[in-house]
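Colleague: What follows is a single structure, and I will ask about it in a moment.
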Amino acid sequence: MADRVNTAATGVVAHSERLYLPWWGWPLPMAGAILLGVEVHLGYPSIPMWIPLAIAVPVMAALLLSLGRAKIKVTSGDDPELWVGDAHLPLRYVGEITVVESDAKRHALGRDGDPAAFVLHRGWVGPAVRITLTDPADPTPYWLFSTRKPQRVVELLRNA
């Protein structure tokens, strides 16, 4: 496979994706940052226009970039693991795996959800994967996380 990479820390990475905010999520917040900079200048005309803009625009860009920090990773090897953000789960504790489509995700995150579940949700990513845990010592009943390639993730988790 072309996307398998050897790493010293985690073994072989079989799947890796970042949940970046797509381009269409950038214009409106950036326009808001520009408007905020202009508003500050209008409220305090003694401040040059470029100062609030030089603060608001980079802060908004950093915030939008931080939204895409979440990473989904499946490793293989002697002790395969699923990494969702900073949390990791050894695949020996993976039980039932289901794909939650975009339409059903609202219910899975709302009225049908468990408050003790581990959830990593990104609204701009349609499908999600739900994994029931089999570890009796773990109080978390399941993991629910967004992914752009749910079928690939499910396939890797089942084959591990």
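Please note that chains go A, B, ... in the order of the structure tokens, that every chain numbers its residues from 1, and that ligands are numbered from 1 in the order shown.
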Set the distance at 6 Å and use only C-alpha atoms: which residues neighbour Leu144 in chain A once local chain neighbours fewer than 4 positions away are removed? I'd like the list as a list in words.

Modeller: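 The residues satisfying every condition are Val119, Val129 and Arg130 of chain A.
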
Colleague: Save the residues we just selected, N, CA, C and O atoms, as a CSV table (one decimal), in the first residue's frame?

Modeller:
```csv
chain,number,residue,atom,x,y,z
A,119,VAL,N,-16.6,11.2,22.2
A,119,VAL,CA,-17.1,11.7,20.9
A,119,VAL,C,-16.1,12.7,20.4
A,119,VAL,O,-15.6,13.6,21.1
A,129,VAL,N,-18.1,7.0,12.6
A,129,VAL,CA,-17.9,5.6,12.9
A,129,VAL,C,-18.2,5.4,14.4
A,129,VAL,O,-17.7,6.2,15.2
A,130,ARG,N,-19.0,4.4,14.8
A,130,ARG,CA,-19.3,4.1,16.2
A,130,ARG,C,-18.7,2.8,16.5
A,130,ARG,O,-18.9,1.8,15.8
```

Colleague: Can you pull out every residue within 10 Å of Gly126 in chain A, counting only C-alpha atoms, but drop anything in the same chain fewer than 2 positions away, and send it as a ChimeraX atom specification?

Modeller: /A:100-103,105,121-124,128,146-150

Colleague: Give me a file of those residues, with N, CA and C atoms, as a JSON list (two decimals), in the first residue's frame.

Modeller:
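Result written to selection16.json:
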```json
[["chain", "number", "residue", "atom", "x", "y", "z"],
["A", 100, "VAL", "N", -22.10, 5.43, 10.92],
["A", 100, "VAL", "CA", -23.24, 6.32, 11.17],
["A", 100, "VAL", "C", -23.24, 7.35, 10.04],
["A", 101, "GLU", "N", -24.24, 7.27, 9.20],
["A", 101, "GLU", "CA", -24.32, 8.20, 8.06],
["A", 101, "GLU", "C", -24.71, 9.60, 8.54],
["A", 102, "SER", "N", -24.60, 10.56, 7.66],
["A", 102, "SER", "CA", -24.84, 11.96, 7.99],
["A", 102, "SER", "C", -26.22, 12.19, 8.59],
["A", 103, "ASP", "N", -27.24, 11.52, 8.05],
["A", 103, "ASP", "CA", -28.61, 11.73, 8.52],
["A", 103, "ASP", "C", -28.80, 11.20, 9.94],
["A", 105, "LYS", "N", -26.44, 10.78, 12.19],
["A", 105, "LYS", "CA", -25.45, 11.30, 13.15],
["A", 105, "LYS", "C", -26.08, 12.27, 14.14],
["A", 121, "HIS", "N", -16.49, 15.03, 17.17],
["A", 121, "HIS", "CA", -17.42, 15.38, 16.09],
["A", 121, "HIS", "C", -16.94, 16.63, 15.37],
["A", 122, "ARG", "N", -16.94, 16.58, 14.08],
["A", 122, "ARG", "CA", -16.68, 17.75, 13.25],
["A", 122, "ARG", "C", -17.87, 17.90, 12.31],
["A", 123, "GLY", "N", -18.56, 19.01, 12.41],
["A", 123, "GLY", "CA", -19.80, 19.22, 11.66],
["A", 123, "GLY", "C", -19.62, 19.23, 10.16],
["A", 124, "TRP", "N", -18.46, 19.57, 9.67],
["A", 124, "TRP", "CA", -18.21, 19.62, 8.23],
["A", 124, "TRP", "C", -17.82, 18.27, 7.66],
["A", 128, "ALA", "N", -19.73, 9.20, 10.28],
["A", 128, "ALA", "CA", -18.99, 8.93, 11.52],
["A", 128, "ALA", "C", -18.92, 7.41, 11.71],
["A", 146, "SER", "N", -16.02, 11.40, 13.83],
["A", 146, "SER", "CA", -16.19, 11.75, 12.42],
["A", 146, "SER", "C", -15.00, 11.27, 11.62],
["A", 147, "THR", "N", -15.26, 10.85, 10.39],
["A", 147, "THR", "CA", -14.20, 10.46, 9.47],
["A", 147, "THR", "C", -14.71, 10.63, 8.05],
["A", 148, "ARG", "N", -13.82, 11.03, 7.16],
["A", 148, "ARG", "CA", -14.21, 11.19, 5.76],
["A", 148, "ARG", "C", -14.21, 9.86, 5.01],
["A", 149, "LYS", "N", -13.54, 8.86, 5.56],
["A", 149, "LYS", "CA", -13.43, 7.55, 4.91],
["A", 149, "LYS", "C", -13.88, 6.45, 5.87],
["A", 150, "PRO", "N", -15.18, 6.41, 6.19],
["A", 150, "PRO", "CA", -15.64, 5.44, 7.20],
["A", 150, "PRO", "C", -15.48, 3.99, 6.78]]
```

Colleague: So, with only C-alpha atoms as the atoms that count, which of A:Asp114, A:Glu81, A:Glu96, A:Asp86 lies closest to Pro139 in chain A?

Modeller: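 Of A:Asp114, A:Glu81, A:Glu96, A:Asp86, the one nearest Pro139 in chain A, counting only C-alpha atoms, is A:Asp114.
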
Colleague: Taking into account only C-alpha atoms, which residue in the set A:Trp24, A:Phe145, A:Trp83, A:Trp50 is nearest to Thr98 in chain A?

Modeller: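 Using only C-alpha atoms, Thr98 in chain A sits closest to A:Phe145.
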
Colleague: Quick one, how far is CA of Pro115 in chain A from CA of Pro127 in chain A?

Modeller: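 Between CA of Pro115 in chain A and CA of Pro127 in chain A the gap works out to 20.0 Å.
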
Colleague: Name the closest residue to Ile131 in chain A among the candidates A:Arg18, A:Arg158, A:Lys73, A:His107; distances are taken between atoms, counting only C-alpha atoms.

Modeller: A:Arg158

Colleague: Taking 4 positions as the minimum chain separation for residues in the same chain, which residues sit within 9 Å of range 32-42 of chain A when counting only C-alpha atoms? Answer as a ChimeraX atom specification.

Modeller: /A:27-28,46-60

Colleague: Give me, as a ChimeraX atom specification, the residues of range 9-110 of chain A that a backbone DSSP run labels alpha helix (DSSP H).

Modeller: /A:27-43,50-67,102-109

Colleague: Between CA of Ala116 in chain A and CA of Thr140 in chain A, measure the distance and give it in Å to one decimal.

Modeller: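 Calculated distance between CA of Ala116 in chain A and CA of Thr140 in chain A is 5.6 Å.
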
Colleague: From a DSSP pass on the backbone, collect the residues of range 11-93 of chain A flagged as strand (DSSP E or B) and hand them back as a PyMOL selection string.

Modeller: chain A and resi 11-18+71-76+81-84+87-90

Colleague: Quick one: distance from CA of Ser16 in chain A to CA of Val74 in chain A in Å, one decimal?

Modeller: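 So the answer is 6.6 Å.
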
Colleague: Between A:Leu109, A:Ile97, A:Asp135, A:Ala62, which is the closest to Glu155 in chain A once you count only C-alpha atoms?

Modeller: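 When distances to Glu155 in chain A are compared using only C-alpha atoms, the smallest one comes from A:Ile97.
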